[in-house]
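Undergrad: As input, take my_file-v6.csv (CSV, C-alpha atoms):
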chain,number,residue,atom,x,y,z
W,1437,PRO,CA,-2.0,23.3,-10.9
W,1438,ARG,CA,-2.9,22.3,-14.4
W,1439,CYS,CA,-5.3,19.4,-14.0
W,1440,ARG,CA,-7.8,17.4,-16.0
W,1441,LYS,CA,-11.2,16.7,-14.5
W,1442,PRO,CA,-10.9,13.7,-12.1
W,1443,PRO,CA,-12.7,10.5,-12.9
W,1444,PRO,CA,-15.9,9.8,-11.0
W,1445,ARG,CA,-15.6,8.1,-7.7
W,1446,GLY,CA,-17.2,4.9,-6.8
W,1447,PRO,CA,-19.5,4.4,-4.0
W,1448,ALA,CA,0.2,-1.9,17.1
W,1449,GLY,CA,0.4,-3.8,19.5
W,1450,GLY,CA,-2.1,-3.7,22.3
W,1451,LEU,CA,-4.9,-4.8,19.9
W,1452,PRO,CA,-7.4,-7.5,21.1
W,1453,SER,CA,-6.8,-11.0,19.8
W,1454,VAL,CA,-9.2,-12.7,17.4
W,1455,PRO,CA,-10.6,-16.1,18.3
W,1456,ARG,CA,-9.9,-18.9,15.8
W,1457,ALA,CA,-13.6,-19.1,14.8
W,1458,ALA,CA,-13.5,-15.4,14.0
W,1459,ALA,CA,-10.4,-15.9,12.0
W,1460,ARG,CA,-12.1,-18.5,9.8
W,1461,CYS,CA,-15.1,-16.2,9.3
W,1462,ILE,CA,-12.8,-13.3,8.2
W,1463,ALA,CA,-11.0,-15.7,5.9
W,1464,GLU,CA,-14.3,-16.6,4.3
W,1465,ALA,CA,-15.3,-13.0,4.0
W,1466,LEU,CA,-11.9,-12.3,2.3
W,1467,GLY,CA,-12.4,-15.1,-0.2
W,1468,ILE,CA,-9.1,-16.8,0.8
W,1469,HIS,CA,-8.2,-20.0,2.4
W,1470,PRO,CA,-7.1,-20.2,6.1
W,1471,GLY,CA,-3.5,-21.4,6.0
W,1472,ALA,CA,-1.8,-21.9,9.4
W,1473,ILE,CA,1.6,-20.2,9.5
W,1474,PRO,CA,4.2,-22.3,11.2
W,1475,ALA,CA,5.3,-21.0,14.6
W,1476,GLY,CA,8.1,-18.5,14.3
W,1477,ASP,CA,9.0,-15.4,16.4
W,1478,GLY,CA,5.5,-14.6,17.5
W,1479,GLY,CA,4.9,-12.2,14.6
W,1480,THR,CA,6.8,-9.3,16.3
W,1481,ARG,CA,9.7,-7.3,15.0
W,1482,GLY,CA,11.8,-4.4,16.1
W,1483,ALA,CA,12.0,-0.9,14.6
W,1484,GLY,CA,14.7,-2.1,12.2
W,1485,GLY,CA,12.2,-4.4,10.3
W,1486,SER,CA,12.4,-8.1,9.6
W,1487,ASP,CA,15.5,-10.0,8.7
W,1488,ALA,CA,16.4,-10.6,5.1
W,1489,GLY,CA,15.4,-14.3,5.0
W,1490,GLY,CA,17.7,-16.6,6.9
W,1491,ALA,CA,16.7,-19.9,8.6
W,1492,SER,CA,14.8,-20.6,11.8
W,1493,LYS,CA,13.1,-17.7,13.7
W,1494,ALA,CA,14.6,-14.9,11.5
W,1495,ASN,CA,13.1,-16.3,8.2
W,1496,GLY,CA,10.1,-14.1,8.2
W,1497,ALA,CA,7.7,-16.8,9.3
W,1498,GLY,CA,5.4,-16.4,12.3
W,1499,GLU,CA,1.8,-16.5,13.4
W,1500,PRO,CA,0.2,-13.9,15.6
W,1501,ALA,CA,1.2,-13.8,19.3
W,1502,ASP,CA,-2.1,-15.4,20.2
W,1503,GLY,CA,-1.4,-18.4,18.0
W,1504,GLY,CA,-4.4,-17.8,15.8
W,1505,LEU,CA,-4.7,-18.8,12.2
W,1506,VAL,CA,-3.5,-16.3,9.5
W,1507,PRO,CA,-5.5,-16.8,6.3
W,1508,LEU,CA,-3.1,-16.7,3.4
W,1509,PRO,CA,-4.1,-15.4,-0.1
W,1510,SER,CA,-5.1,-18.4,-2.2
W,1511,TYR,CA,-2.6,-17.5,-4.9
W,1512,TRP,CA,0.4,-17.5,-2.6
W,1513,ALA,CA,2.9,-20.3,-3.4
W,1514,THR,CA,4.7,-20.5,0.0
W,1515,ARG,CA,3.8,-21.0,3.7
W,1516,ASP,CA,6.8,-19.3,5.4
W,1517,GLY,CA,9.7,-17.1,4.9
W,1518,ILE,CA,10.2,-14.2,2.5
W,1519,HIS,CA,9.9,-14.7,-1.2
W,1520,ILE,CA,9.6,-12.5,-4.3
W,1521,PHE,CA,8.2,-14.1,-7.4
W,1522,SER,CA,7.7,-12.8,-10.9
W,1523,ASP,CA,3.9,-12.6,-11.6
W,1524,PRO,CA,3.5,-12.0,-15.3
W,1525,ASN,CA,-0.2,-12.8,-15.3
W,1526,ARG,CA,-0.7,-9.6,-13.3
W,1527,ILE,CA,0.9,-7.3,-15.8
W,1528,ALA,CA,-2.1,-6.4,-18.0
W,1529,GLU,CA,-4.4,-6.1,-15.0
W,1530,ILE,CA,-2.1,-3.8,-13.0
W,1531,GLU,CA,-1.1,-1.7,-16.1
W,1532,ARG,CA,-4.8,-1.1,-16.7
W,1533,LEU,CA,-5.4,-0.1,-13.1
W,1534,MET,CA,-2.4,2.3,-13.2
W,1535,ASN,CA,-3.5,3.9,-16.4
W,1536,GLU,CA,-7.1,4.2,-15.4
W,1537,THR,CA,-6.1,6.0,-12.1
W,1538,TRP,CA,-3.5,8.1,-13.9
W,1539,ARG,CA,-4.7,11.7,-13.9
W,1540,VAL,CA,-2.6,14.3,-15.7
W,1541,CYS,CA,-2.1,16.9,-13.1
W,1542,TYR,CA,1.3,18.7,-12.7
W,1543,THR,CA,1.9,19.6,-9.0
W,1544,ARG,CA,4.6,21.2,-7.1
W,1545,ASP,CA,5.6,17.9,-5.6
W,1546,ARG,CA,6.6,16.6,-9.0
W,1547,LEU,CA,8.8,19.6,-9.6
W,1548,LEU,CA,10.4,19.3,-6.1
W,1549,SER,CA,11.0,15.6,-6.6
W,1550,GLY,CA,13.1,16.4,-9.7
W,1551,GLY,CA,10.4,15.4,-12.2
W,1552,GLY,CA,11.1,18.4,-14.4
W,1553,THR,CA,8.3,20.1,-16.4
W,1554,ARG,CA,7.4,17.2,-18.7
W,1555,MET,CA,4.3,15.4,-17.5
W,1556,PRO,CA,3.8,11.7,-18.3
W,1557,VAL,CA,0.3,10.7,-19.5
W,1558,GLY,CA,0.5,7.0,-18.4
W,1559,CYS,CA,2.7,4.0,-18.1
W,1560,ARG,CA,3.7,0.7,-19.6
W,1561,VAL,CA,4.3,-2.1,-17.1
W,1562,ALA,CA,7.4,-4.2,-17.8
W,1563,ASN,CA,7.1,-6.6,-14.9
W,1564,VAL,CA,5.1,-7.4,-11.7
W,1565,LEU,CA,6.7,-9.1,-8.7
W,1566,ARG,CA,4.6,-10.6,-5.9
W,1567,ILE,CA,5.9,-10.3,-2.4
W,1568,GLU,CA,5.2,-13.2,0.0
W,1569,HIS,CA,6.5,-12.0,3.4
W,1570,HIS,CA,4.8,-14.2,5.9
W,1571,ARG,CA,5.8,-12.4,9.1
W,1572,GLY,CA,4.8,-9.0,7.6
W,1573,TYR,CA,1.5,-10.4,6.3
W,1574,ALA,CA,0.8,-12.0,9.7
W,1575,ASN,CA,1.3,-8.7,11.5
W,1576,TYR,CA,-0.8,-6.9,8.9
W,1577,TRP,CA,-3.6,-9.4,9.2
W,1578,LYS,CA,-3.5,-9.2,13.0
W,1579,HIS,CA,-3.7,-5.4,12.8
W,1580,MET,CA,-6.7,-5.6,10.4
W,1581,SER,CA,-8.5,-8.1,12.7
W,1582,GLY,CA,-7.9,-5.7,15.6
W,1583,VAL,CA,-9.4,-2.8,13.7
W,1584,MET,CA,-12.4,-4.8,12.8
W,1585,SER,CA,-12.8,-6.0,16.4
W,1586,THR,CA,-12.4,-2.6,17.9
W,1587,ARG,CA,-14.4,-0.5,15.5
W,1588,GLY,CA,-17.1,-3.1,14.7
W,1589,SER,CA,-19.8,-1.7,12.4
W,1590,SER,CA,-19.0,1.9,13.3
W,1591,ILE,CA,-16.5,2.4,10.4
W,1592,GLU,CA,-18.0,4.6,7.7
W,1593,PRO,CA,-17.2,3.5,4.1
W,1594,PHE,CA,-14.4,5.4,2.5
W,1595,PRO,CA,-14.6,5.0,-1.3
W,1596,THR,CA,-11.4,5.2,-3.4
W,1597,ILE,CA,-11.0,4.8,-7.2
W,1598,THR,CA,-9.1,1.5,-6.7
W,1599,ASP,CA,-12.1,-0.1,-5.1
W,1600,GLY,CA,-13.3,-3.4,-6.6
W,1601,ARG,CA,-10.0,-4.0,-8.5
W,1602,LEU,CA,-7.6,-6.9,-8.3
W,1603,ASN,CA,-8.4,-9.2,-5.4
W,1604,LEU,CA,-11.4,-9.3,-3.0
W,1605,LEU,CA,-10.7,-7.2,0.0
W,1606,GLU,CA,-12.4,-6.7,3.4
W,1607,GLU,CA,-14.7,-3.7,2.9
W,1608,GLY,CA,-15.8,-3.6,6.5
W,1609,CYS,CA,-12.4,-2.1,7.6
W,1610,ASN,CA,-11.9,0.0,4.4
W,1611,GLN,CA,-9.1,-2.3,3.2
W,1612,LYS,CA,-7.7,-0.8,0.0
W,1613,TYR,CA,-5.1,-1.3,-2.7
W,1614,LEU,CA,-3.0,1.9,-2.9
W,1615,PHE,CA,0.2,3.0,-4.6
W,1616,HIS,CA,3.6,4.0,-3.3
W,1617,GLY,CA,6.2,5.4,-5.7
W,1618,THR,CA,9.9,4.6,-5.2
W,1619,ASN,CA,12.8,3.2,-7.2
W,1620,PRO,CA,13.7,-0.4,-8.1
W,1621,GLU,CA,16.4,-0.7,-5.5
W,1622,SER,CA,14.3,0.7,-2.6
W,1623,ALA,CA,11.3,-1.4,-3.7
W,1624,HIS,CA,13.4,-4.5,-3.2
W,1625,ASN,CA,14.5,-3.2,0.2
W,1626,ILE,CA,11.0,-2.6,1.3
W,1627,ALA,CA,9.9,-6.0,0.1
W,1628,ARG,CA,12.5,-7.6,2.3
W,1629,ASN,CA,12.3,-5.3,5.3
W,1630,LEU,CA,8.8,-3.8,5.0
W,1631,PHE,CA,7.9,-0.2,5.6
W,1632,GLN,CA,9.6,1.6,8.5
W,1633,ILE,CA,8.2,4.8,10.0
W,1634,SER,CA,11.7,5.8,11.0
W,1635,MET,CA,12.5,6.3,7.3
W,1636,ALA,CA,9.5,8.7,6.8
W,1637,GLY,CA,10.5,11.9,5.1
W,1638,THR,CA,13.9,10.8,3.9
W,1639,SER,CA,13.0,11.2,0.3
W,1640,ARG,CA,10.2,13.7,0.6
W,1641,GLY,CA,8.5,15.9,3.1
W,1642,CYS,CA,5.9,14.9,5.7
W,1643,MET,CA,3.1,17.2,5.0
W,1644,PHE,CA,0.6,15.5,7.3
W,1645,GLY,CA,3.1,13.9,9.8
W,1646,PRO,CA,5.7,11.2,9.7
W,1647,GLY,CA,4.0,8.1,8.2
W,1648,ILE,CA,3.6,5.9,5.2
W,1649,TYR,CA,2.2,7.9,2.3
W,1650,LEU,CA,0.1,6.1,-0.3
W,1651,ALA,CA,-2.2,7.3,-3.1
W,1652,GLU,CA,-5.3,6.1,-5.0
W,1653,ASN,CA,-3.9,7.7,-8.2
W,1654,ALA,CA,-0.9,6.0,-9.8
W,1655,SER,CA,0.1,9.4,-11.2
W,1656,LYS,CA,0.4,10.9,-7.7
W,1657,SER,CA,2.7,8.1,-6.5
W,1658,ASP,CA,4.7,8.4,-9.7
W,1659,GLU,CA,5.7,11.9,-8.6
W,1660,TYR,CA,8.1,10.2,-6.1
W,1661,ALA,CA,9.2,7.3,-8.3
W,1662,LYS,CA,12.7,7.3,-9.6
W,1663,GLU,CA,14.4,5.5,-12.4
W,1664,GLY,CA,16.8,2.8,-11.5
W,1665,ASP,CA,20.4,2.1,-12.4
W,1666,GLY,CA,22.0,-0.6,-14.6
W,1667,VAL,CA,19.4,-2.9,-16.1
W,1668,TYR,CA,16.7,-0.6,-14.6
W,1669,VAL,CA,17.7,2.5,-16.6
W,1670,GLY,CA,14.5,4.1,-17.9
W,1671,LEU,CA,12.4,2.0,-15.5
W,1672,CYS,CA,10.7,3.2,-12.3
W,1673,ALA,CA,9.1,1.2,-9.5
W,1674,MET,CA,5.7,1.4,-7.8
W,1675,LEU,CA,4.6,-0.6,-4.8
W,1676,LEU,CA,1.0,-1.7,-4.9
W,1677,CYS,CA,0.0,-2.2,-1.2
W,1678,ARG,CA,-2.8,-3.5,0.8
W,1679,ALA,CA,-3.7,-1.0,3.5
W,1680,VAL,CA,-6.2,-1.0,6.4
W,1681,SER,CA,-7.8,2.5,6.3
W,1682,GLY,CA,-10.3,1.8,9.1
W,1683,ARG,CA,-11.8,5.0,10.5
W,1684,VAL,CA,-10.4,7.8,8.3
W,1685,LEU,CA,-9.7,11.4,9.4
W,1686,THR,CA,-10.0,13.6,6.3
W,1687,VAL,CA,-8.1,16.9,6.4
W,1688,ASP,CA,-7.4,19.6,3.8
W,1689,THR,CA,-4.6,21.6,5.6
W,1690,SER,CA,-1.1,20.5,6.4
W,1691,ALA,CA,-0.1,19.6,9.9
W,1692,ASP,CA,1.1,16.6,11.9
W,1693,PHE,CA,-2.0,14.5,12.4
W,1694,SER,CA,-0.2,11.4,13.6
W,1695,GLU,CA,-1.4,11.7,17.2
W,1696,HIS,CA,-5.0,11.4,16.1
W,1697,VAL,CA,-4.1,7.9,14.9
W,1698,ARG,CA,-1.7,6.9,17.6
W,1699,ASN,CA,-4.2,7.7,20.4
W,1700,GLY,CA,-6.8,5.4,18.7
W,1701,SER,CA,-9.3,8.0,17.6
W,1702,TYR,CA,-8.7,7.2,13.9
W,1703,ASP,CA,-6.8,4.5,11.9
W,1704,SER,CA,-5.5,6.6,9.0
W,1705,VAL,CA,-5.5,10.1,7.6
W,1706,CYS,CA,-6.6,11.3,4.2
W,1707,GLY,CA,-4.8,14.5,3.1
W,1708,ASP,CA,-7.5,15.8,0.7
W,1709,ARG,CA,-5.6,18.1,-1.6
W,1710,LEU,CA,-8.1,17.2,-4.3
W,1711,ALA,CA,-10.8,19.2,-2.4
W,1712,ALA,CA,-8.4,21.9,-1.3
W,1713,ALA,CA,-6.4,22.5,-4.5
W,1714,GLY,CA,-7.8,20.3,-7.2
W,1715,THR,CA,-4.8,17.9,-7.2
W,1716,PHE,CA,-4.9,14.5,-5.4
W,1717,ARG,CA,-5.8,12.7,-2.2
W,1718,GLU,CA,-3.1,11.0,-0.2
W,1719,MET,CA,-3.6,8.3,2.5
W,1720,ILE,CA,-1.2,8.4,5.5
W,1721,PHE,CA,-0.7,5.5,7.9
W,1722,PHE,CA,1.1,5.8,11.2
W,1723,HIS,CA,1.3,2.1,12.1
W,1724,GLU,CA,3.7,0.0,10.0
W,1725,GLU,CA,1.4,-3.0,10.4
W,1726,ALA,CA,-1.4,-1.1,8.6
W,1727,VAL,CA,0.3,-1.4,5.2
W,1728,TYR,CA,1.5,-4.6,3.4
W,1729,PRO,CA,3.5,-4.1,0.2
W,1730,GLU,CA,2.2,-7.0,-2.0
W,1731,PHE,CA,3.4,-6.2,-5.5
W,1732,ILE,CA,6.4,-4.5,-7.0
W,1733,VAL,CA,5.5,-2.9,-10.4
W,1734,ILE,CA,8.4,-2.1,-12.7
W,1735,TYR,CA,7.2,0.3,-15.4
W,1736,ALA,CA,8.2,3.0,-17.9
W,1737,ARG,CA,6.5,6.3,-18.1
W,1738,THR,CA,4.7,7.2,-21.4
W,1739,TYR,CA,4.3,10.7,-22.8
W,1740,GLY,CA,2.0,12.3,-25.3
W,1741,ASP,CA,4.5,12.1,-28.1
W,1742,ASP,CA,5.4,8.4,-27.5
With the file now loaded, output its structure as structure tokens.

TA:
Amino acid sequence: PRCRKPPPRGPAGGLPSVPRAAARCIAEALGIHPGAIPAGDGGTRGAGGSDAGGASKANGAGEPADGGLVPLPSYWATRDGIHIFSDPNRIAEIERLMNETWRVCYTRDRLLSGGGTRMPVGCRVANVLRIEHHRGYANYWKHMSGVMSTRGSSIEPFPTITDGRLNLLEEGCNQKYLFHGTNPESAHNIARNLFQISMAGTSRGCMFGPGIYLAENASKSDEYAKEGDGVYVGLCAMLLCRAVSGRVLTVDTSADFSEHVRNGSYDSVCGDRLAAAGTFREMIFFHEEAVYPEFIVIYARTYGDD
């Protein structure tokens, strides 16, 4: 692959419940306020994902099954349900993050995904949408709390180039902001129904096993992004997700590593093609609750002759 030198790196179920006092401590560590989510369906969902936002128990609201507090991000505007808001104040910040993690490196995945031979050098963000999916966030927060409770201080730091960007995250469990490339229509579907492992591999392969594939480089996730139709012609979509990496298994060969996570030995897998082939690292998650899609980024690719 033809790559430029990478930028320097910076330094479900069945999980134990977290006491209310611990919830407040974690909320303080995250720098967000502890907002109690109204009682819903117990924070559980089937393999088909959450409902699209009706009333009562199917509206996406819910607190963890143990009834503990779920600390909401302080900038959220709602306390239950599923909502998608335009967040224009984030445009400049997220465009900067995407361009600063955009490494020009043409890979086979871009060719196989129908990207042609023309390599974009960056992007321009047209809009940012914030996803407030309360049941999904409650499940994510419970999963994160379980990883912290189970692993304790044994988690080794796992630096990524997105560290220290956007909002304050819990470093003790290797919580990260990572990218996922898609198209505008699919981004909206994921925002309403969350990630579903059953859909893994439907638009690309599963080099490291059937899971949710995220990346620290926006340009890597852009390999799988597609332009939309109608008013989205010429525009692609990227999901910017919170993800609990926890204890990370780093590998540089392709195989199905999902069992290493499902049996509790690790919490995520890093497919390190940067070390093996000079391309990119990908993060793979095998629990749906380990990833929360927080922002939809609508953007246009830029090229050297733009």

Undergrad: Neighbours of Leu1533 of chain W within 12 Å (only C-alpha atoms; same-chain residues fewer than 5 positions away dropped), as a list in words?

TA: Arg1526, Ile1527, Ala1528, Trp1538, Arg1539, Gly1558, Cys1559, Arg1560, Val1561, Ile1597, Thr1598, Asp1599, Gly1600, Arg1601, Leu1602, Tyr1613, Leu1614, Phe1615, Glu1652, Asn1653, Ala1654, Ser1655, Leu1676 and Val1733 of chain W

Undergrad: Nearest residue to His1616 of chain W out of W:Tyr1542, W:Tyr1728, W:Tyr1573, W:Phe1521, using all atoms listed in the file?

TA: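 That would be W:Tyr1728, the residue with the smallest distance to His1616 of chain W.
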
Undergrad: For each of W:Met1534, W:Ala1623, W:Leu1630, W:Val1697, take the minimum atom-to-atom distance to Ile1518 of chain W, counting only C-alpha atoms, then give the residue where this is smallest.

TA: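 The shortest atom-to-atom distance to Ile1518 of chain W comes from W:Leu1630.
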
Undergrad: Rank nothing, just name the residue among W:Gly1664, W:Gly1700, W:Gly1714, W:Pro1729 nearest to Thr1543 of chain W, using all atoms listed in the file.

TA: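 Nearest candidate to Thr1543 of chain W out of W:Gly1664, W:Gly1700, W:Gly1714, W:Pro1729: W:Gly1714.
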
Undergrad: Counting only C-alpha atoms, which residues sit no farther than 10 Å from the position (15.5, -6.4, 0.0) in the file's frame? I'd like them as a PDB file with C-alpha atoms, in the coordinates of the input.

TA:
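Saved result, result-v1.pdb, follows:
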ATOM      1  CA  ASP W1487      15.500 -10.000   8.700  1.00  0.00           C
ATOM      2  CA  ALA W1488      16.400 -10.600   5.100  1.00  0.00           C
ATOM      3  CA  GLY W1489      15.400 -14.300   5.000  1.00  0.00           C
ATOM      4  CA  ILE W1518      10.200 -14.200   2.500  1.00  0.00           C
ATOM      5  CA  ILE W1520       9.600 -12.500  -4.300  1.00  0.00           C
ATOM      6  CA  GLU W1621      16.400  -0.700  -5.500  1.00  0.00           C
ATOM      7  CA  SER W1622      14.300   0.700  -2.600  1.00  0.00           C
ATOM      8  CA  ALA W1623      11.300  -1.400  -3.700  1.00  0.00           C
ATOM      9  CA  HIS W1624      13.400  -4.500  -3.200  1.00  0.00           C
ATOM     10  CA  ASN W1625      14.500  -3.200   0.200  1.00  0.00           C
ATOM     11  CA  ILE W1626      11.000  -2.600   1.300  1.00  0.00           C
ATOM     12  CA  ALA W1627       9.900  -6.000   0.100  1.00  0.00           C
ATOM     13  CA  ARG W1628      12.500  -7.600   2.300  1.00  0.00           C
ATOM     14  CA  ASN W1629      12.300  -5.300   5.300  1.00  0.00           C
ATOM     15  CA  LEU W1630       8.800  -3.800   5.000  1.00  0.00           C
TER      16      LEU W1630
END

Undergrad: My list of candidates is W:Val1667, W:Val1557, W:Met1674, W:Cys1706. Which is closest to Tyr1735 of chain W when distances are computed with all atoms listed in the file?

TA: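 Between W:Val1667, W:Val1557, W:Met1674, W:Cys1706, the residue approaching Tyr1735 of chain W most closely is W:Met1674.
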
Undergrad: Applying 10 Å and all atoms listed in the file, which residues near Asn1525 of chain W remain after dropping the ones on its own chain fewer than 3 positions away? List them as a ChimeraX atom specification.

TA: /W:1522,1528-1530,1563-1564

Undergrad: Between atom CA of Ser1657 of chain W and atom CA of Gly1517 of chain W, what is the distance, to one decimal in Å?

TA: 28.5 Å

Undergrad: Let me make sure I understand: among W:Pro1595, W:Gly1588, W:Gly1645, W:Gly1617, which one has the smallest atom-to-atom distance to Gly1707 of chain W if we use all atoms listed in the file?

TA: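 Smallest separation from Gly1707 of chain W among the options: W:Gly1645.
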
Undergrad: Atoms are missing here; could segment 1667-1692 of chain W be completed with N, CA and C atoms and written as a compact mmCIF listing (two decimals), in the coordinates of the input?

TA:
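Result written to rebuild.txt:
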# COMPACT_ATOMS: atom_id res chain seq x y z
N VAL W 1667 20.42 -2.36 -15.23
CA VAL W 1667 19.40 -2.90 -16.10
C VAL W 1667 18.04 -2.23 -15.87
N TYR W 1668 17.93 -1.36 -14.84
CA TYR W 1668 16.70 -0.60 -14.60
C TYR W 1668 16.71 0.80 -15.14
N VAL W 1669 17.70 1.13 -15.95
CA VAL W 1669 17.70 2.50 -16.60
C VAL W 1669 16.46 2.66 -17.39
N GLY W 1670 15.78 3.78 -17.19
CA GLY W 1670 14.50 4.10 -17.90
C GLY W 1670 13.31 3.45 -17.28
N LEU W 1671 13.50 2.71 -16.19
CA LEU W 1671 12.40 2.00 -15.50
C LEU W 1671 12.23 2.54 -14.10
N CYS W 1672 10.99 2.76 -13.70
CA CYS W 1672 10.70 3.20 -12.30
C CYS W 1672 10.02 2.02 -11.58
N ALA W 1673 9.77 2.24 -10.29
CA ALA W 1673 9.10 1.20 -9.50
C ALA W 1673 7.97 1.80 -8.70
N MET W 1674 6.92 1.02 -8.59
CA MET W 1674 5.70 1.40 -7.80
C MET W 1674 5.41 0.18 -6.93
N LEU W 1675 5.12 0.41 -5.67
CA LEU W 1675 4.60 -0.60 -4.80
C LEU W 1675 3.09 -0.55 -4.78
N LEU W 1676 2.44 -1.67 -5.01
CA LEU W 1676 1.00 -1.70 -4.90
C LEU W 1676 0.71 -2.46 -3.56
N CYS W 1677 0.12 -1.72 -2.63
CA CYS W 1677 0.00 -2.20 -1.20
C CYS W 1677 -1.41 -2.43 -0.81
N ARG W 1678 -1.58 -3.41 0.06
CA ARG W 1678 -2.80 -3.50 0.80
C ARG W 1678 -2.70 -2.59 2.01
N ALA W 1679 -3.78 -1.90 2.33
CA ALA W 1679 -3.70 -1.00 3.50
C ALA W 1679 -5.08 -0.99 4.19
N VAL W 1680 -5.02 -0.98 5.52
CA VAL W 1680 -6.20 -1.00 6.40
C VAL W 1680 -6.49 0.50 6.73
N SER W 1681 -7.49 1.11 6.08
CA SER W 1681 -7.80 2.50 6.30
C SER W 1681 -8.63 2.69 7.59
N GLY W 1682 -9.52 1.72 7.88
CA GLY W 1682 -10.30 1.80 9.10
C GLY W 1682 -11.15 3.09 9.14
N ARG W 1683 -11.13 3.73 10.30
CA ARG W 1683 -11.80 5.00 10.50
C ARG W 1683 -10.85 6.11 9.97
N VAL W 1684 -11.28 6.87 8.98
CA VAL W 1684 -10.40 7.80 8.30
C VAL W 1684 -10.69 9.23 8.74
N LEU W 1685 -9.61 9.94 9.08
CA LEU W 1685 -9.70 11.40 9.40
C LEU W 1685 -9.32 12.12 8.08
N THR W 1686 -10.26 12.88 7.53
CA THR W 1686 -10.00 13.60 6.30
C THR W 1686 -9.67 15.08 6.66
N VAL W 1687 -8.54 15.55 6.12
CA VAL W 1687 -8.10 16.90 6.40
C VAL W 1687 -7.70 17.58 5.07
N ASP W 1688 -7.76 18.91 5.04
CA ASP W 1688 -7.40 19.60 3.80
C ASP W 1688 -6.32 20.70 4.10
N THR W 1689 -5.72 20.67 5.29
CA THR W 1689 -4.60 21.60 5.60
C THR W 1689 -3.45 20.74 6.12
N SER W 1690 -2.25 21.28 5.97
CA SER W 1690 -1.10 20.50 6.40
C SER W 1690 -0.76 20.73 7.85
N ALA W 1691 -0.45 19.64 8.52
CA ALA W 1691 -0.10 19.60 9.90
C ALA W 1691 0.28 18.19 10.29
N ASP W 1692 0.82 17.99 11.46
CA ASP W 1692 1.10 16.60 11.90
C ASP W 1692 -0.09 16.07 12.61
